[in-house]
Structures are given as C-alpha cells and as structure tokens.
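Q: For reference, this is upload.cif, and it has mmCIF, C-alpha atoms.
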```cif
data_work
#
loop_
_atom_site.label_atom_id
_atom_site.label_comp_id
_atom_site.auth_asym_id
_atom_site.auth_seq_id
_atom_site.Cartn_x
_atom_site.Cartn_y
_atom_site.Cartn_z
CA MET A 1 100.06 108.45 141.33
CA SER A 2 98.66 111.34 139.45
CA ASN A 3 99.63 114.99 139.47
CA PHE A 4 99.92 116.60 142.87
CA ASP A 5 99.57 120.24 143.76
CA ARG A 6 102.94 121.98 143.73
CA ARG A 7 102.08 124.44 146.49
CA GLU A 8 100.93 121.67 148.81
CA PHE A 9 104.08 119.72 148.01
CA ILE A 10 106.28 122.70 148.82
CA LYS A 11 104.48 123.14 152.11
CA ALA A 12 104.82 119.45 152.91
CA THR A 13 108.53 119.28 152.20
CA ALA A 14 109.73 122.69 153.30
CA GLY A 15 110.94 121.10 156.50
CA ALA A 16 112.78 118.25 154.83
CA GLY A 17 115.93 117.94 156.87
CA ALA A 18 119.42 118.34 155.59
CA ILE A 19 121.41 115.17 156.02
CA GLY A 20 125.09 114.42 156.04
CA LEU A 21 126.93 114.88 152.78
CA ALA A 22 125.56 112.28 150.43
CA GLY A 23 126.96 110.55 147.39
CA LEU A 24 126.82 111.95 143.90
CA ALA A 25 123.50 112.91 142.38
CA GLY A 26 122.35 115.13 139.56
CA CYS A 27 120.09 115.55 136.58
CA THR A 28 119.65 116.15 132.94
CA GLY A 29 120.67 119.37 131.33
CA GLY A 30 118.66 121.78 129.24
CA PRO A 31 117.85 122.50 125.62
CA SER A 32 119.01 125.07 123.07
CA GLY A 33 122.63 126.11 123.58
CA GLY A 34 124.44 129.40 123.81
CA ASP A 35 121.39 131.60 124.17
CA GLU A 36 122.29 134.08 126.86
CA THR A 37 119.61 136.40 128.20
CA GLU A 38 119.02 139.96 127.19
CA THR A 39 119.84 142.56 129.81
CA THR A 40 123.17 143.25 131.44
CA THR A 41 122.86 143.48 135.22
CA GLU A 42 124.64 146.57 136.50
CA GLY A 43 127.78 145.78 138.45
CA SER A 44 128.37 142.55 136.54
CA SER A 45 130.06 141.97 133.20
CA GLY A 46 127.96 138.89 132.46
CA THR A 47 124.87 138.81 130.30
CA THR A 48 121.84 138.18 132.45
CA GLU A 49 118.19 139.03 132.64
CA ASP A 50 116.76 140.70 135.74
CA SER A 51 113.32 139.44 136.68
CA GLU A 52 111.98 142.98 136.93
CA GLY A 53 114.70 145.05 135.27
CA THR A 54 115.12 147.27 138.34
CA THR A 55 117.09 147.24 141.57
CA THR A 56 114.91 147.24 144.66
CA GLY A 57 115.46 148.11 148.31
CA SER A 58 118.08 146.58 150.54
CA ASP A 59 115.54 144.33 152.27
CA THR A 60 114.84 142.51 149.03
CA THR A 61 116.54 139.14 148.64
CA HIS A 62 118.39 138.78 145.33
CA VAL A 63 119.04 135.41 143.72
CA GLY A 64 121.22 134.74 140.69
CA MET A 65 120.18 131.71 138.62
CA VAL A 66 122.76 129.95 136.43
CA TYR A 67 121.00 127.25 134.43
CA ALA A 68 122.33 124.04 132.92
CA THR A 69 123.74 124.06 129.40
CA GLY A 70 121.17 125.01 126.79
CA GLY A 71 119.04 127.02 129.19
CA LEU A 72 115.33 127.59 129.19
CA GLY A 73 112.66 126.16 126.94
CA ASP A 74 113.44 122.47 127.48
CA GLY A 75 110.05 121.72 129.02
CA SER A 76 112.05 119.76 131.55
CA PHE A 77 114.92 120.41 133.98
CA ASN A 78 115.76 124.09 133.52
CA ASP A 79 112.14 125.12 133.11
CA GLN A 80 111.32 123.26 136.31
CA ALA A 81 114.01 125.22 138.15
CA GLN A 82 112.71 128.50 136.75
CA SER A 83 109.18 127.74 137.91
CA GLY A 84 110.52 127.36 141.46
CA ILE A 85 112.22 130.74 141.54
CA GLN A 86 109.24 132.40 139.85
CA GLN A 87 106.97 131.04 142.58
CA ALA A 88 109.39 132.28 145.24
CA ARG A 89 109.28 135.75 143.69
CA GLU A 90 105.48 135.70 143.92
CA ASP A 91 105.50 134.56 147.54
CA PHE A 92 108.37 136.59 149.01
CA ASP A 93 110.20 139.92 148.78
CA LEU A 94 112.61 138.49 146.25
CA GLU A 95 114.02 139.33 142.83
CA PHE A 96 116.13 137.15 140.58
CA SER A 97 118.35 137.38 137.54
CA GLU A 98 119.07 134.44 135.28
CA SER A 99 121.84 133.33 132.93
CA GLN A 100 121.88 130.62 130.30
CA PRO A 101 125.42 129.35 129.62
CA GLY A 102 125.99 127.78 126.25
CA ALA A 103 128.75 125.45 127.44
CA VAL A 104 130.07 123.93 130.66
CA SER A 105 133.21 126.04 130.29
CA GLU A 106 131.08 129.16 130.89
CA PHE A 107 129.70 128.06 134.26
CA GLY A 108 132.52 129.48 136.37
CA ASN A 109 132.33 132.86 134.65
CA TYR A 110 128.63 133.28 135.38
CA GLN A 111 129.00 132.04 138.96
CA GLN A 112 131.76 134.58 139.55
CA GLN A 113 129.82 137.43 137.96
CA TYR A 114 126.97 136.96 140.42
CA ALA A 115 129.28 136.39 143.38
CA GLY A 116 131.29 139.51 142.56
CA SER A 117 128.33 141.79 141.86
CA SER A 118 127.62 144.69 144.21
CA ASN A 119 124.58 146.17 142.47
CA PRO A 120 122.67 144.15 143.30
CA ASP A 121 124.50 142.22 145.97
CA TYR A 122 123.27 138.65 145.40
CA ASP A 123 122.26 136.86 148.58
CA LEU A 124 122.22 133.47 146.86
CA VAL A 125 123.64 132.09 143.63
CA SER A 126 121.71 129.02 142.48
CA CYS A 127 123.60 126.65 140.15
CA ILE A 128 121.30 124.29 138.27
CA GLY A 129 122.73 120.92 137.25
CA TYR A 130 125.44 118.49 138.25
CA LEU A 131 127.89 119.78 135.65
CA HIS A 132 128.32 122.95 137.75
CA ALA A 133 130.14 121.02 140.47
CA ASP A 134 133.75 121.36 139.32
CA SER A 135 133.58 125.09 138.62
CA LEU A 136 131.52 125.76 141.75
CA SER A 137 134.11 124.07 143.96
CA GLU A 138 136.62 126.66 142.76
CA THR A 139 134.22 129.61 142.78
CA ALA A 140 132.98 128.86 146.30
CA ALA A 141 136.54 128.81 147.60
CA ASN A 142 137.28 132.17 145.95
CA TYR A 143 134.12 133.81 147.34
CA PRO A 144 133.84 132.43 150.90
CA GLU A 145 131.28 135.07 151.96
CA GLN A 146 128.87 134.22 149.14
CA ASP A 147 126.16 131.59 149.65
CA PHE A 148 125.58 129.14 146.79
CA GLN A 149 123.06 126.45 146.01
CA ILE A 150 123.73 123.54 143.68
CA VAL A 151 120.95 121.31 142.42
CA ASP A 152 121.70 117.71 141.44
CA GLU A 153 125.16 117.37 142.91
CA THR A 154 127.05 117.64 146.18
CA VAL A 155 129.81 120.23 146.60
CA ASP A 156 131.68 119.91 149.87
CA ALA A 157 132.10 123.56 150.85
CA ASP A 158 131.08 125.58 153.88
CA ASN A 159 129.18 128.12 151.76
CA VAL A 160 127.30 125.70 149.48
CA GLY A 161 123.92 124.10 150.12
CA SER A 162 123.52 120.96 148.00
CA TYR A 163 120.16 119.55 146.88
CA VAL A 164 119.94 116.08 145.36
CA PHE A 165 117.25 113.54 144.48
CA ARG A 166 116.62 109.82 144.50
CA GLU A 167 116.10 109.63 140.75
CA HIS A 168 116.54 105.87 140.78
CA GLU A 169 113.42 105.47 142.92
CA GLY A 170 111.14 107.34 140.54
CA SER A 171 112.76 105.66 137.54
CA TYR A 172 112.00 102.26 139.08
CA LEU A 173 108.30 103.11 138.96
CA VAL A 174 108.28 104.01 135.28
CA GLY A 175 110.24 100.80 134.68
CA VAL A 176 107.42 98.85 136.33
CA LEU A 177 104.92 100.71 134.16
CA ALA A 178 106.86 100.04 130.95
CA ALA A 179 107.34 96.35 131.70
CA HIS A 180 103.65 95.77 132.36
CA LEU A 181 102.46 97.60 129.26
CA THR A 182 105.05 96.13 126.87
CA SER A 183 103.95 92.65 127.96
CA MET A 184 100.36 93.19 126.81
CA SER A 185 98.47 94.43 123.78
CA PHE A 186 97.86 98.08 124.68
CA SER A 187 96.71 100.97 122.53
CA ALA A 188 96.05 104.57 123.52
CA GLY A 189 96.36 107.93 121.82
CA ALA A 190 98.69 107.58 118.84
CA GLY A 191 100.64 104.61 120.23
CA SER A 192 100.38 100.89 120.67
CA THR A 193 102.48 98.02 122.01
CA LYS A 194 103.27 94.64 120.55
CA PRO A 195 102.43 91.79 122.93
CA ASP A 196 105.43 89.80 121.67
CA SER A 197 107.87 92.64 122.48
CA THR A 198 110.86 91.53 124.49
CA ASN A 199 112.57 94.86 125.13
CA VAL A 200 112.13 98.50 126.08
CA GLY A 201 114.56 101.40 125.74
CA PHE A 202 116.44 104.04 127.71
CA VAL A 203 118.04 107.14 126.15
CA GLY A 204 120.43 109.15 128.34
CA GLY A 205 122.12 112.51 127.78
CA ARG A 206 125.72 112.47 128.99
CA GLU A 207 126.83 109.23 130.56
CA SER A 208 127.56 110.01 134.19
CA ALA A 209 126.92 108.64 137.66
CA LEU A 210 123.82 110.79 137.82
CA ILE A 211 122.17 109.74 134.56
CA GLN A 212 123.11 106.14 135.30
CA LYS A 213 120.83 106.37 138.33
CA PHE A 214 117.90 106.86 135.97
CA GLU A 215 119.01 103.90 133.88
CA ALA A 216 119.62 101.69 136.92
CA GLY A 217 116.24 102.41 138.48
CA PHE A 218 114.39 101.95 135.20
CA THR A 219 116.15 98.66 134.45
CA ALA A 220 115.54 97.38 137.99
CA GLY A 221 111.83 98.17 137.75
CA VAL A 222 111.58 96.41 134.40
CA LYS A 223 113.45 93.33 135.60
CA ALA A 224 111.51 93.11 138.87
CA THR A 225 108.31 92.99 136.83
CA ASN A 226 109.44 90.66 134.05
CA ASP A 227 113.01 89.36 133.96
CA ASP A 228 112.58 88.26 130.33
CA ILE A 229 112.40 91.87 129.11
CA ASP A 230 115.67 93.45 128.03
CA VAL A 231 116.51 97.16 128.21
CA GLN A 232 118.23 98.76 125.23
CA THR A 233 120.41 101.70 126.30
CA SER A 234 121.93 104.58 124.37
CA TYR A 235 123.84 107.62 125.67
CA ILE A 236 123.88 110.54 123.26
CA GLY A 237 126.62 112.63 124.88
CA SER A 238 124.46 115.75 124.84
CA PHE A 239 121.36 117.17 126.48
CA ASN A 240 120.57 119.26 123.43
CA ASP A 241 120.73 117.03 120.35
CA THR A 242 117.16 116.36 119.29
CA THR A 243 118.19 114.66 116.06
CA ALA A 244 120.47 112.20 117.83
CA GLY A 245 117.74 111.47 120.36
CA GLN A 246 115.30 110.75 117.56
CA GLU A 247 117.76 108.48 115.76
CA ALA A 248 118.57 106.52 118.92
CA ALA A 249 114.90 105.98 119.74
CA LEU A 250 114.04 105.03 116.14
CA SER A 251 116.73 102.37 116.29
CA MET A 252 115.21 101.03 119.50
CA TYR A 253 111.67 101.00 118.11
CA ASN A 254 112.92 99.27 114.95
CA SER A 255 114.62 96.67 117.15
CA GLY A 256 111.42 95.79 118.96
CA SER A 257 111.07 98.33 121.77
CA ASP A 258 107.63 99.85 122.03
CA ILE A 259 108.34 102.09 125.05
CA VAL A 260 111.42 104.33 125.50
CA PHE A 261 112.25 106.32 128.64
CA HIS A 262 114.59 109.29 128.32
CA ALA A 263 116.72 111.24 130.79
CA ALA A 264 118.27 113.54 128.24
CA GLY A 265 116.93 117.09 128.50
CA ASN A 266 115.98 118.54 125.13
CA THR A 267 117.52 115.52 123.41
CA GLY A 268 114.44 113.71 124.70
CA THR A 269 112.24 115.75 122.37
CA GLY A 270 113.67 113.59 119.61
CA VAL A 271 112.52 110.49 121.50
CA PHE A 272 108.97 111.84 121.48
CA GLN A 273 109.23 112.55 117.75
CA ALA A 274 110.38 108.98 117.12
CA ALA A 275 107.50 107.58 119.18
CA GLN A 276 105.01 109.47 117.04
CA ASP A 277 106.82 108.42 113.87
CA LYS A 278 106.53 104.75 114.82
CA GLY A 279 103.21 104.79 116.66
CA ARG A 280 104.88 103.68 119.90
CA PHE A 281 105.22 105.20 123.40
CA ALA A 282 107.69 107.31 125.37
CA ILE A 283 108.22 108.30 128.99
CA GLY A 284 109.36 111.82 129.87
CA VAL A 285 111.49 113.22 132.67
CA ASP A 286 111.76 116.01 135.26
CA ARG A 287 108.38 117.67 134.51
CA ASP A 288 105.06 116.35 133.28
CA GLN A 289 106.15 116.44 129.67
CA SER A 290 102.71 115.56 128.38
CA VAL A 291 101.95 119.14 129.43
CA THR A 292 105.23 120.91 128.67
CA LYS A 293 105.60 119.07 125.35
CA SER A 294 101.87 118.87 124.67
CA SER A 295 102.22 118.20 120.93
CA TYR A 296 103.53 114.76 121.93
CA ALA A 297 100.96 114.09 124.64
CA ASP A 298 99.35 111.36 122.54
CA VAL A 299 102.46 109.15 122.97
CA ILE A 300 103.73 110.15 126.45
CA LEU A 301 102.62 107.48 128.92
CA ALA A 302 104.08 109.18 131.98
CA SER A 303 106.98 111.29 133.21
CA MET A 304 109.45 110.67 135.99
CA VAL A 305 108.96 114.04 137.63
CA LYS A 306 111.76 115.48 139.74
CA ARG A 307 110.87 118.46 141.93
CA VAL A 308 113.71 120.75 141.02
CA ASP A 309 111.23 123.59 141.48
CA THR A 310 110.81 122.67 145.13
CA ALA A 311 114.57 122.52 145.72
CA VAL A 312 114.96 126.01 144.25
CA TYR A 313 111.90 127.36 146.06
CA ASN A 314 112.90 125.93 149.44
CA ALA A 315 116.42 127.35 149.17
CA ALA A 316 115.09 130.78 148.23
CA GLU A 317 112.55 130.71 151.06
CA ALA A 318 115.25 129.71 153.54
CA LYS A 319 117.45 132.56 152.36
CA VAL A 320 114.60 135.06 152.72
CA ASN A 321 113.95 133.79 156.25
CA GLY A 322 117.63 133.81 157.21
CA ASN A 323 117.96 130.07 157.73
CA PHE A 324 119.57 128.82 154.51
CA GLU A 325 121.88 125.95 155.45
CA THR A 326 125.30 125.54 153.86
CA GLY A 327 127.77 122.72 154.16
CA THR A 328 124.84 120.27 154.04
CA THR A 329 123.03 118.09 151.52
CA THR A 330 119.25 117.81 151.34
CA THR A 331 117.93 114.69 149.60
CA LEU A 332 114.40 114.34 148.20
CA GLY A 333 112.98 110.95 147.24
CA LEU A 334 109.66 109.16 146.92
CA GLN A 335 108.87 109.54 150.59
CA ASP A 336 109.15 113.34 150.26
CA ASP A 337 107.36 113.40 146.87
CA GLY A 338 110.65 114.72 145.55
CA VAL A 339 110.31 112.29 142.64
CA ALA A 340 107.16 110.69 141.23
CA CYS A 341 105.63 108.78 138.38
CA VAL A 342 103.10 111.19 136.87
CA TYR A 343 100.85 109.72 134.19
CA GLY A 344 100.37 111.48 130.88
CA ASP A 345 97.64 114.08 130.64
CA GLN A 346 95.94 112.38 127.68
CA LEU A 347 96.76 108.74 128.35
CA GLU A 348 96.31 108.30 132.11
CA SER A 349 92.70 107.16 131.86
CA GLU A 350 93.67 104.50 129.30
CA ILE A 351 96.26 102.78 131.49
CA PRO A 352 94.70 99.66 133.04
CA GLU A 353 93.83 99.91 136.71
CA ASP A 354 95.83 96.80 137.61
CA VAL A 355 98.94 98.34 136.06
CA ARG A 356 98.50 101.57 138.03
CA THR A 357 97.99 99.47 141.16
CA ALA A 358 101.26 97.64 140.50
CA VAL A 359 103.08 100.97 140.19
CA SER A 360 101.47 102.25 143.39
CA ASP A 361 102.41 99.07 145.24
CA ALA A 362 106.01 99.38 144.04
CA ARG A 363 106.12 102.96 145.30
CA GLN A 364 104.93 101.92 148.75
CA SER A 365 107.37 99.03 148.86
CA ILE A 366 110.28 101.40 148.26
CA ILE A 367 109.02 103.86 150.89
CA ASP A 368 108.56 101.02 153.41
CA GLY A 369 112.11 99.82 152.79
CA ASP A 370 111.03 96.48 151.38
CA THR A 371 112.48 97.25 147.94
CA SER A 372 116.01 98.59 147.56
CA VAL A 373 116.62 100.30 144.22
CA PRO A 374 120.15 100.18 142.77
CA GLN A 375 121.92 103.33 141.63
CA ASN A 376 124.38 101.65 139.26
CA PRO A 377 123.22 99.84 136.11
CA SER A 378 125.61 96.97 136.83
CA ASP A 379 123.57 96.21 139.94
CA ALA A 380 120.17 96.33 138.24
#
```
Before anything else, please render the file you have as structure tokens.
A:
Amino acid sequence: MSNFDRREFIKATAGAGAIGLAGLAGCTGGPSGGDETETTTEGSSGTTEDSEGTTTGSDTTHVGMVYATGGLGDGSFNDQAQSGIQQAREDFDLEFSESQPGAVSEFGNYQQQYAGSSNPDYDLVSCIGYLHADSLSETAANYPEQDFQIVDETVDADNVGSYVFREHEGSYLVGVLAAHLTSMSFSAGAGSTKPDSTNVGFVGGRESALIQKFEAGFTAGVKATNDDIDVQTSYIGSFNDTTAGQEAALSMYNSGSDIVFHAAGNTGTGVFQAAQDKGRFAIGVDRDQSVTKSSYADVILASMVKRVDTAVYNAAEAKVNGNFETGTTTTLGLQDDGVACVYGDQLESEIPEDVRTAVSDARQSIIDGDTSVPQNPSDA
C-alpha cells in the first residue's frame, strides 16, 4: 500500500455515512507548545490568525480551527488537519482562522472565542484532538446555536459532529511489517535489523484509550506474525517532549529492539533521532513522516497515516453545502482509506516483496472481516 492521491481519497470518502455514536477514539497531539498565532481576529479576544487577514462577504463560510496542544509544525497530526482546511479554502468559498493552544486548559477559551465571535460569525468551529472533548462538552452546551466539529473523539451533543478513526486497524499493519523485518537480516538507508532480535518497540504520547488503540493494533499485528516477538512499550506523558521520546527509544534499541513505532506527536521526532543514532528503524504516524520529517527518511520504514485532513475537509465541505451533520459520529477505517500503512519515501523499494504482500493480505483480511483487531492492549 503506497501513497494514494489525497484528492481522489476525499472524493471517494466524501459520502462516508455517519453512524450511531461510537466508542472513544482520538489521536496524538502536536508539537511545540504555547505558540499562539499572530493576528487578533476582530470581535474575539483570542489570539488567532486569519487565513487571509480580511473579512469577506456574508456568503463566505468561516471556520475556526483550534489545534491540539503544541500546534503546527509537528509534521504529523496538526499539520495534517491544517492541510485539510487549506484544501477546503482552495476548493470552496471559505476562509478560516486558526489558534494554537499551549495547554489543554486553554481549549475552552479558544472554543468560546470563536463561538462568541460576530465579526466574522463562524459557521463551524473545528476542534482538533481528543483532549478537546471535556471542554467542548461544556462549550457546546453554552453555545447551542453554534456548530462544532471534533476530530478523534466523540462528544454527545446535538450541535457537534464527531469524526473518529480505526487507528488500531492501521497500526496492525505496521505491526505486521515490523515483525517480518525484525525477524530477518534487513538493511536499507541508514538502518539495519538484527536477525536474532526478539522485540520491537512502541512509544506513546499520553496514555489514554485513544493512544492505547495504536499500541493494541501494533502489538496484535506483531503477535499474529510471530508470537515469539515481544513489544516494549513506553508512554511519555507528552506529545511535545522530543528529548524524552529519544531517551525512550534509545532504551528500547539498547534492549534489542530494532524497530520502534510511535504515536506521540512531536515527541516522535526524538524516536527518529534515536533510530539514526543507533542505525535502526522507526515507524511514523498520522502523515507520511518520511516526507514531513525528511531528514529522517533514511530510517523511517513506513507511517501509519490517519486522514485527519479528510475529516476536516469533509466537514468544511458539508458546512459549505448546508448539510453538515451534528449529533452523529463518522468513523473512517481501512475500508474507507481513513487509515493506511504508507511506506517510507526512501525505503519502500528496499522492503522485500513478500513482506509487502503479507501487509497487503493483512489489510484485506481486516476489510473482509476475517481478522478482528483489538482496541485494548490487554486483548492483543
């Protein structure tokens, strides 16, 4: 499964149906903290950046983006969300403003600033990341006429449209990949494996039901391929601690892991640094990180891509067209290409064909319903 065209994917999944309120879901947060954007939007006391710096006509749809902690520049979750709203601006009569909270405690303030603004009057407030859920539940109740989107979590409110993903399914695939490669002598780019390796690693950001889905899927894919391989796990407690991510991965590499998968936002940059330090491999998350973190492309085997951009784009398109659904949850998985195993830009051609076939077969087995992927690590 190589890269697929984003526009074609958006077209293919724009009609993905909303289903009944699902269980918890979510995703990793962003990178550098506390860096709010530059321009103050008139009519709001919050610090935001308008996409054009001007207020347009009343027919223009206005979207307020509130990113996950740390904000833009992660080459992962937040950047993926931004690419979705940027594409929507290109395709529709739409403008957006964006805010980058430095802490979870700031989420409610930014949500309320957009909801209470009258110039412009925001048609949709998009909240990026599962950690928005608690504050959004309160904000949505206080602003019943305002439509909200939340990505990576479900908020049960009549004015909130929730968008979640089957992260465990995509993580299963990179687990299959890791298990096959760690069991053989494999060299590519700046990395290599040890054929006598008996473990691989997983580095998570904050330990939560959401991030545990990544761990559970990865572990299940590893174990389904080779039950003798163990998975080392470390939760950092932050999506923006590169040093801690590097230290955790170095410990895993020193303990015999030669491949580490992260679901940790900008903390994962430290995992890539450790892989280069030790001449081992890493697996990225949310975007094709061999592209967004290109200086580490020589050690990034693949990324478990999550189409946050499509969730943001589809919500914006629906709002422009007057058919944005609230009080519902839309779920995107392998069958919708909402998640995928995307091989590294530099290393894809080096991965043996039989390994790629095994990953492809695992994908089809999940889609066909023959393989059920757990969402809790205790079930993996």
Q: Could you list, as a compact mmCIF listing (two decimals) with C-alpha atoms, keeping the file's coordinate frame, every residue within 12 Å of Asp79 of chain A, counting all atoms listed in the file and ignoring same-chain residues fewer than 6 positions away?
A:
```
# COMPACT_ATOMS: atom_id res chain seq x y z
CA THR A 28 119.65 116.15 132.94
CA GLY A 29 120.67 119.37 131.33
CA GLY A 30 118.66 121.78 129.24
CA PRO A 31 117.85 122.50 125.62
CA MET A 65 120.18 131.71 138.62
CA TYR A 67 121.00 127.25 134.43
CA ALA A 68 122.33 124.04 132.92
CA GLY A 70 121.17 125.01 126.79
CA GLY A 71 119.04 127.02 129.19
CA LEU A 72 115.33 127.59 129.19
CA GLY A 73 112.66 126.16 126.94
CA ILE A 85 112.22 130.74 141.54
CA GLN A 86 109.24 132.40 139.85
CA GLU A 98 119.07 134.44 135.28
CA GLN A 100 121.88 130.62 130.30
CA ILE A 128 121.30 124.29 138.27
CA GLY A 265 116.93 117.09 128.50
CA ASN A 266 115.98 118.54 125.13
CA VAL A 285 111.49 113.22 132.67
CA ASP A 286 111.76 116.01 135.26
CA ARG A 287 108.38 117.67 134.51
CA ASP A 288 105.06 116.35 133.28
CA GLN A 289 106.15 116.44 129.67
CA THR A 292 105.23 120.91 128.67
CA LYS A 293 105.60 119.07 125.35
CA LYS A 306 111.76 115.48 139.74
CA ARG A 307 110.87 118.46 141.93
CA VAL A 308 113.71 120.75 141.02
CA ASP A 309 111.23 123.59 141.48
CA VAL A 312 114.96 126.01 144.25
```
Q: For the contact check between segment 80-188 of chain A and segment 300-305 of chain A, emit one row per residue of segment 80-188 of chain A within 12 Å, containing the shortest atom pair and the distance in Å rounded to one decimal, counting only C-alpha atoms, chain then rising number order, as a tab-separated table.
A:
```
residue	atom	partner	partner_atom	distance
A:Gln80	CA	A:Val305	CA	9.6
A:Phe165	CA	A:Val305	CA	10.8
A:Arg166	CA	A:Val305	CA	11.1
A:Glu167	CA	A:Met304	CA	8.2
A:His168	CA	A:Met304	CA	9.8
A:Glu169	CA	A:Met304	CA	9.5
A:Gly170	CA	A:Met304	CA	5.9
A:Ser171	CA	A:Met304	CA	6.2
A:Tyr172	CA	A:Met304	CA	9.3
A:Leu173	CA	A:Met304	CA	8.2
A:Val174	CA	A:Met304	CA	6.8
A:Gly175	CA	A:Met304	CA	10.0
A:Val176	CA	A:Ala302	CA	11.7
A:Leu177	CA	A:Ala302	CA	8.8
A:Ala178	CA	A:Leu301	CA	8.8
A:Leu181	CA	A:Leu301	CA	9.9
A:Thr182	CA	A:Leu301	CA	11.8
A:Phe186	CA	A:Leu301	CA	11.4
A:Ser187	CA	A:Leu301	CA	10.9
A:Ala188	CA	A:Leu301	CA	9.0
```
Q: What's the 10 Å shell around Arg363 of chain A, counting all atoms listed in the file, without same-chain residues fewer than 2 positions away, as an MDAnalysis selection string?
A: chainID A and resid 1 169:170 172:173 176 334:335 340:341 357:361 365:368 371
Q: Those residues with C-alpha atoms, as a compact mmCIF listing (two decimals), in the coordinates of the input please?
A:
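Dumped everything to part-v6.txt:
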```
# COMPACT_ATOMS: atom_id res chain seq x y z
CA MET A 1 100.06 108.45 141.33
CA GLU A 169 113.42 105.47 142.92
CA GLY A 170 111.14 107.34 140.54
CA TYR A 172 112.00 102.26 139.08
CA LEU A 173 108.30 103.11 138.96
CA VAL A 176 107.42 98.85 136.33
CA LEU A 334 109.66 109.16 146.92
CA GLN A 335 108.87 109.54 150.59
CA ALA A 340 107.16 110.69 141.23
CA CYS A 341 105.63 108.78 138.38
CA THR A 357 97.99 99.47 141.16
CA ALA A 358 101.26 97.64 140.50
CA VAL A 359 103.08 100.97 140.19
CA SER A 360 101.47 102.25 143.39
CA ASP A 361 102.41 99.07 145.24
CA SER A 365 107.37 99.03 148.86
CA ILE A 366 110.28 101.40 148.26
CA ILE A 367 109.02 103.86 150.89
CA ASP A 368 108.56 101.02 153.41
CA THR A 371 112.48 97.25 147.94
```
Q: What are the centre and the three edge lengths of an axis-aligned box that wraps all atoms of segment 316-329 of chain A in the file, given that 3 Å is added to every side, written as AutoDock Vina command-line options and rounded to one decimal in Å?
A:
```
--center_x 120.2 --center_y 126.6 --center_z 153.0 --size_x 21.2 --size_y 23.0 --size_z 15.5
```
Q: Decode the PyMOL selection byres ((chain A and resi 129-141) around 8) for the given file into explicit residues and return them as a PyMOL selection string.
A: chain A and resi 25-29+67-68+104+107-108+111-112+127-128+142-144+146+148+150-157+159-160+210
Q: Going by the chain IDs and residue numbers used in this file, which residues fall under the PyMOL selection byres ((chain A and resi 345) around 10)? Write them as JSON, numbers by chain.
A: {"A": [2, 3, 288, 289, 290, 291, 294, 297, 298, 300, 301, 302, 342, 343, 344, 346, 347, 348, 349]}
Q: Take the PyMOL selection byres ((chain A and resi 232) around 7), apply it to the structure above, and return the hits as a list in words.
A: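 This file gives the following for the PyMOL selection byres ((chain A and resi 232) around 7): Asn199, Val200, Gly201, Phe202, Asp230, Val231, Thr233, Ser234 and Met252 of chain A.
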Q: Quick one: pull the distance between atom CA of Tyr296 of chain A and atom CA of Thr243 of chain A, Å, one decimal.
A: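 Atom CA of Tyr296 of chain A sits 15.8 Å away from atom CA of Thr243 of chain A.
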